[in-house]
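Visitor: Right, I'll just put the structure down here and ask away after.
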Amino acid sequence: MTYVRIGFCPILPTLTPHAKVFPMSIAPMPAVLVFAGTDPTGGAGLQADILTLASMGCHPLSVVTAVTVQDTVGVDDFMPMDADWIADQARSVLEDMPVAAIKIGMIGSVEAVAAIAEIVSDYPDIPLVLDPVLTSGRGDPLANEELLDALRDLLLPQASILTPNSLEARRLAENPDEENDDPELSECARRLIDMGCEYILITGAHEQGAQVSNTLYNTRGVVHRLNWDRLPGSYHGSGCTLASAIAALLALGQDVSEAVKEAQEYTYQTLKNAYRPGMGQFIPDRLYWVRGDDED
Ligand code: PLP
């Protein structure tokens, strides 16, 4: 154990006179800051993010943006956290320790989008993964049109990578001025890149076909497309798992293209090993490797 003597510390003015010597260990893993809603089932949201980050060797820092009432079937209700409370939670940890990546999931209110946008704009060098959570797996709304506008205007331009599923990509990219606007996914990607995010990964589980096709785009078009055998069943928290895994790998030093490939491999294994703790959807097993179930 290494000890460090603390002299004047502006962040801990009340502690320093009493505790002059603190035990200090060099952090063995990068910290990833997550903004997300809670999910008491442990399937999606903050709980999914924490499990994924820990499983991938990162230290999870968790800012609660909303509290949900849900089971593995669907979301019954949610209460957005006050925007000032979100900002205070985040500023406290950001001022306390280095953060290697930030991931944003469910946000809950327009005020919270504005507060989070202001915070991340103060840390432009930290990679930012934006997972635009618009509905639950059952289709319960988790964001309204006003929140969508705020996402497009304030957060999307700051994202290193945006990770919508195909339904979310179409909603975010749709042009309200054009009647019957139904763009192809490649056109959605182009529009969303034009709004300012660096990369966009559109996942294809909601599209038809024996395979699920996930495509990464940047300003030059398609970077890569990976196809996965479609697994039977419906999963709660797969999007959260994938986006958190990308954030973890960026924090561990990979570039976006590599991180996106490896995060998909990890997520696929969590889905192959998914379990059904309740009466609804399956939950990805983010710690499948602890149980030695990864035969492939
Ligand atoms: N975050 C919260 C708090 C949720 O309740 C949900 C879905 O219900 C999600 C995120 C998104 O989950 P998924 O990864 O299944 O898209």
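By order of appearance in the structure tokens: chains A, B, ..., then residues from 1 within every chain, and ligands from 1 in the order shown.
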Which residues of chain A come within 8 Å of ligand 1, and for each one, what is the closest pair of atoms and their distance in Å to one decimal, counting only C-alpha atoms and all ligand atoms, sorted by chain and residue number, as a tab-separated table?
Guide:
residue	atom	partner	partner_atom_place_in_ligand_line	distance
A:Ala36	CA	ligand 1	1 (N)	6.2
A:Gly37	CA	ligand 1	3 (C)	3.9
A:Thr38	CA	ligand 1	3 (C)	4.9
A:Asp39	CA	ligand 1	3 (C)	5.0
A:Gly43	CA	ligand 1	15 (O)	7.8
A:Ala44	CA	ligand 1	12 (O)	4.9
A:Gly45	CA	ligand 1	1 (N)	3.4
A:Leu46	CA	ligand 1	3 (C)	6.6
A:Ala66	CA	ligand 1	3 (C)	7.3
A:Val67	CA	ligand 1	3 (C)	7.3
A:Thr68	CA	ligand 1	3 (C)	6.2
A:Gln70	CA	ligand 1	5 (O)	7.1
A:Gly74	CA	ligand 1	8 (O)	6.5
A:Val75	CA	ligand 1	8 (O)	6.0
A:Gly105	CA	ligand 1	10 (C)	6.0
A:Met106	CA	ligand 1	1 (N)	4.9
A:Val133	CA	ligand 1	11 (C)	5.6
A:Leu134	CA	ligand 1	11 (C)	7.7
A:Thr135	CA	ligand 1	7 (C)	6.4
A:Ser136	CA	ligand 1	8 (O)	3.6
A:Gly137	CA	ligand 1	15 (O)	5.3
A:Arg138	CA	ligand 1	8 (O)	7.7
A:Asp140	CA	ligand 1	8 (O)	7.7
A:Leu142	CA	ligand 1	5 (O)	7.7
A:Tyr235	CA	ligand 1	15 (O)	6.5
A:His236	CA	ligand 1	15 (O)	4.2
A:Gly237	CA	ligand 1	14 (O)	3.2
A:Ser238	CA	ligand 1	14 (O)	4.3
A:Gly239	CA	ligand 1	14 (O)	3.4
A:Cys240	CA	ligand 1	14 (O)	4.0
A:Thr241	CA	ligand 1	14 (O)	6.5
A:Leu242	CA	ligand 1	14 (O)	8.0
Visitor: How about saving the chosen residues, N, CA, C and O atoms kept, as a CSV table (one decimal), in the first residue's frame?
Guide:
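selection_2.csv, written as the output of this step:
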chain,number,residue,atom,x,y,z
A,36,ALA,N,-27.6,7.3,-16.7
A,36,ALA,CA,-28.6,6.4,-17.1
A,36,ALA,C,-29.7,6.3,-16.1
A,36,ALA,O,-29.6,6.7,-14.9
A,37,GLY,N,-30.8,5.7,-16.5
A,37,GLY,CA,-32.0,5.5,-15.6
A,37,GLY,C,-31.8,4.1,-14.9
A,37,GLY,O,-31.1,3.2,-15.4
A,38,THR,N,-32.3,4.0,-13.7
A,38,THR,CA,-32.2,2.7,-13.0
A,38,THR,C,-33.2,1.7,-13.5
A,38,THR,O,-34.3,2.1,-14.0
A,39,ASP,N,-32.9,0.5,-13.4
A,39,ASP,CA,-33.8,-0.6,-13.8
A,39,ASP,C,-33.7,-1.7,-12.7
A,39,ASP,O,-32.8,-2.4,-12.6
A,43,GLY,N,-31.9,-5.7,-15.7
A,43,GLY,CA,-31.8,-6.1,-17.1
A,43,GLY,C,-31.2,-5.0,-18.0
A,43,GLY,O,-30.3,-5.3,-18.8
A,44,ALA,N,-31.7,-3.8,-17.8
A,44,ALA,CA,-31.2,-2.7,-18.6
A,44,ALA,C,-30.7,-1.5,-17.8
A,44,ALA,O,-30.5,-1.7,-16.6
A,45,GLY,N,-30.6,-0.4,-18.4
A,45,GLY,CA,-30.3,0.8,-17.7
A,45,GLY,C,-28.9,0.8,-16.9
A,45,GLY,O,-28.0,0.0,-17.2
A,46,LEU,N,-28.9,1.5,-15.8
A,46,LEU,CA,-27.7,1.7,-15.0
A,46,LEU,C,-27.1,0.4,-14.5
A,46,LEU,O,-25.9,0.2,-14.6
A,66,ALA,N,-32.8,9.0,-13.9
A,66,ALA,CA,-34.3,8.7,-13.8
A,66,ALA,C,-34.4,7.4,-13.0
A,66,ALA,O,-33.5,6.6,-13.0
A,67,VAL,N,-35.6,7.3,-12.3
A,67,VAL,CA,-35.9,6.1,-11.6
A,67,VAL,C,-37.1,5.4,-12.3
A,67,VAL,O,-38.1,6.1,-12.5
A,68,THR,N,-36.9,4.2,-12.7
A,68,THR,CA,-38.1,3.6,-13.4
A,68,THR,C,-38.7,2.5,-12.5
A,68,THR,O,-38.2,2.0,-11.6
A,70,GLN,N,-40.4,-0.9,-13.2
A,70,GLN,CA,-40.6,-1.9,-14.3
A,70,GLN,C,-40.3,-3.3,-13.9
A,70,GLN,O,-39.7,-3.5,-12.8
A,74,GLY,N,-42.1,-4.9,-19.0
A,74,GLY,CA,-42.2,-3.6,-19.5
A,74,GLY,C,-42.0,-2.5,-18.5
A,74,GLY,O,-41.9,-2.9,-17.3
A,75,VAL,N,-41.9,-1.2,-18.9
A,75,VAL,CA,-41.8,-0.1,-18.0
A,75,VAL,C,-43.1,0.4,-17.6
A,75,VAL,O,-43.9,0.8,-18.6
A,105,GLY,N,-27.2,6.9,-21.5
A,105,GLY,CA,-28.3,6.1,-21.9
A,105,GLY,C,-29.6,6.9,-21.7
A,105,GLY,O,-29.7,8.1,-22.2
A,106,MET,N,-30.6,6.3,-21.0
A,106,MET,CA,-31.9,7.1,-20.8
A,106,MET,C,-31.6,8.4,-20.1
A,106,MET,O,-30.9,8.4,-19.1
A,133,VAL,N,-31.8,6.2,-25.9
A,133,VAL,CA,-32.9,5.3,-25.4
A,133,VAL,C,-34.3,6.1,-25.6
A,133,VAL,O,-34.5,7.1,-24.9
A,134,LEU,N,-35.1,5.6,-26.5
A,134,LEU,CA,-36.3,6.2,-26.8
A,134,LEU,C,-37.6,5.5,-26.3
A,134,LEU,O,-38.6,6.1,-25.9
A,135,THR,N,-37.5,4.1,-26.2
A,135,THR,CA,-38.6,3.3,-25.7
A,135,THR,C,-38.0,2.1,-25.0
A,135,THR,O,-36.8,1.7,-25.2
A,136,SER,N,-38.9,1.4,-24.2
A,136,SER,CA,-38.5,0.1,-23.7
A,136,SER,C,-38.6,-0.9,-24.8
A,136,SER,O,-39.2,-0.7,-25.8
A,137,GLY,N,-38.2,-2.2,-24.5
A,137,GLY,CA,-38.3,-3.3,-25.4
A,137,GLY,C,-39.8,-3.5,-25.8
A,137,GLY,O,-40.1,-3.8,-27.0
A,138,ARG,N,-40.7,-3.3,-24.9
A,138,ARG,CA,-42.1,-3.4,-25.2
A,138,ARG,C,-42.7,-2.3,-26.0
A,138,ARG,O,-43.8,-2.3,-26.5
A,140,ASP,N,-42.8,1.0,-24.5
A,140,ASP,CA,-43.2,2.0,-23.6
A,140,ASP,C,-42.3,3.3,-23.9
A,140,ASP,O,-41.1,3.2,-23.9
A,142,LEU,N,-40.0,6.3,-23.5
A,142,LEU,CA,-39.0,6.8,-22.5
A,142,LEU,C,-38.5,8.2,-22.9
A,142,LEU,O,-37.6,8.7,-22.2
A,235,TYR,N,-34.7,-9.8,-25.8
A,235,TYR,CA,-33.8,-9.5,-24.7
A,235,TYR,C,-34.0,-8.1,-24.2
A,235,TYR,O,-34.2,-7.2,-24.9
A,236,HIS,N,-33.8,-8.0,-22.9
A,236,HIS,CA,-33.9,-6.8,-22.2
A,236,HIS,C,-32.5,-6.3,-21.8
A,236,HIS,O,-31.8,-6.9,-21.0
A,237,GLY,N,-32.1,-5.1,-22.4
A,237,GLY,CA,-30.8,-4.6,-22.0
A,237,GLY,C,-29.7,-4.9,-23.0
A,237,GLY,O,-28.5,-4.7,-22.7
A,238,SER,N,-30.0,-5.4,-24.2
A,238,SER,CA,-29.0,-5.7,-25.1
A,238,SER,C,-28.3,-4.4,-25.6
A,238,SER,O,-27.1,-4.3,-25.8
A,239,GLY,N,-29.1,-3.4,-25.9
A,239,GLY,CA,-28.5,-2.1,-26.4
A,239,GLY,C,-27.6,-1.4,-25.3
A,239,GLY,O,-26.6,-0.9,-25.7
A,240,CYS,N,-28.1,-1.5,-24.1
A,240,CYS,CA,-27.3,-0.9,-23.0
A,240,CYS,C,-25.9,-1.7,-22.9
A,240,CYS,O,-24.9,-1.1,-22.7
A,241,THR,N,-26.0,-3.0,-23.0
A,241,THR,CA,-24.8,-3.8,-22.9
A,241,THR,C,-23.8,-3.5,-24.0
A,241,THR,O,-22.6,-3.3,-23.8
A,242,LEU,N,-24.3,-3.4,-25.2
A,242,LEU,CA,-23.4,-3.1,-26.4
A,242,LEU,C,-22.8,-1.7,-26.2
A,242,LEU,O,-21.6,-1.5,-26.4
Visitor: Excluding Ala263 (chain A) and its own-chain neighbours fewer than 3 positions away, which residues fall within 12 Å of it when counting only C-alpha atoms? Please give them as JSON, numbers by chain.
Guide: {"A": [52, 53, 55, 56, 163, 201, 214, 226, 238, 239, 240, 241, 242, 243, 244, 245, 246, 247, 248, 249, 250, 254, 255, 256, 257, 258, 259, 260, 266, 267, 268, 269, 270, 286]}
Visitor: Can you pull out every residue within 9 Å of Leu148 (chain A), counting only C-alpha atoms, but drop anything in the same chain fewer than 3 positions away, and send it as a short mmCIF file (atom, residue, chain, number, x, y, z; two decimals) with N, CA and C atoms, in the first residue's frame?
Guide:
data_model
loop_
_atom_site.label_atom_id
_atom_site.label_comp_id
_atom_site.auth_asym_id
_atom_site.auth_seq_id
_atom_site.Cartn_x
_atom_site.Cartn_y
_atom_site.Cartn_z
N VAL A 110 -35.88 17.09 -20.80
CA VAL A 110 -35.15 18.06 -21.63
C VAL A 110 -34.13 18.83 -20.79
N PRO A 132 -29.16 6.47 -27.69
CA PRO A 132 -30.42 7.22 -27.61
C PRO A 132 -31.58 6.30 -27.22
N LEU A 134 -35.08 5.56 -26.49
CA LEU A 134 -36.35 6.24 -26.77
C LEU A 134 -37.56 5.46 -26.27
N ALA A 143 -38.96 8.69 -24.01
CA ALA A 143 -38.55 10.03 -24.47
C ALA A 143 -39.65 10.59 -25.36
N ASN A 144 -39.95 11.90 -25.20
CA ASN A 144 -40.96 12.50 -26.08
C ASN A 144 -40.27 13.31 -27.20
N GLU A 145 -41.09 13.93 -28.06
CA GLU A 145 -40.52 14.63 -29.23
C GLU A 145 -39.62 15.79 -28.83
N LEU A 151 -31.93 16.17 -27.85
CA LEU A 151 -30.85 15.22 -28.12
C LEU A 151 -30.13 15.59 -29.42
N ARG A 152 -30.95 15.84 -30.47
CA ARG A 152 -30.37 16.18 -31.78
C ARG A 152 -29.52 17.45 -31.69
N ASP A 153 -30.05 18.45 -30.99
CA ASP A 153 -29.39 19.76 -30.99
C ASP A 153 -28.19 19.81 -30.05
N ARG A 171 -36.23 7.35 -36.24
CA ARG A 171 -36.93 8.45 -35.53
C ARG A 171 -36.05 9.68 -35.40
N LEU A 172 -34.77 9.44 -35.08
CA LEU A 172 -33.87 10.60 -34.90
C LEU A 172 -33.60 11.31 -36.22
#
Visitor: From a backbone DSSP assignment, name each residue in region 142-237 of chain A labelled strand (DSSP E), as an MDAnalysis selection string.
Guide: chainID A and resid 161:162 199:202 211:218 221:229
Visitor: Quick one: residues within 10 Å of Ala112 (chain A), only C-alpha atoms counted, chain neighbours fewer than 6 positions away excluded, as JSON, numbers by chain?
Guide: {"A": [65, 66, 80, 81, 82, 83, 84, 85, 86, 87, 118, 147, 150]}
Visitor: Nearest residue to Leu154 (chain A) out of A:Pro183, A:Gly139, A:Pro124, A:Gly196, using only C-alpha atoms?
Guide: A:Gly196
Visitor: Give the answer as one residue: which of A:Glu187, A:Glu179, A:Asp96, A:Asp131 has the shortest atom-to-atom distance to Ile161 (chain A), using only C-alpha atoms?
Guide: A:Asp131
Visitor: Pick out the closest residue to Thr72 (chain A) from this set: A:Ser234, A:Asn218, A:Gln47, A:Thr41. Count only C-alpha atoms.
Guide: A:Thr41
Visitor: Mind giving me the straight-line distance from CA of Tyr199 (chain A) to CA of Ile119 (chain A) in Å, one decimal?
Guide: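 Separation between CA of Tyr199 (chain A) and CA of Ile119 (chain A): 20.8 Å.
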Visitor: Taking 2 positions as the minimum chain separation for residues in the same chain, which residues sit within 8 Å of Ser166 (chain A) when counting only C-alpha atoms? Answer as a list in words.
Guide: Pro164, Glu168, Ala169, Arg170, Leu185, Ile202, Thr203, Gly204, Ala205, His206 and Glu207 of chain A
Visitor: Any idea what the distance is between CA of Phe78 (chain A) and CA of Pro141 (chain A)?
Guide: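 Separating CA of Phe78 (chain A) from CA of Pro141 (chain A) is a distance of 10.1 Å.
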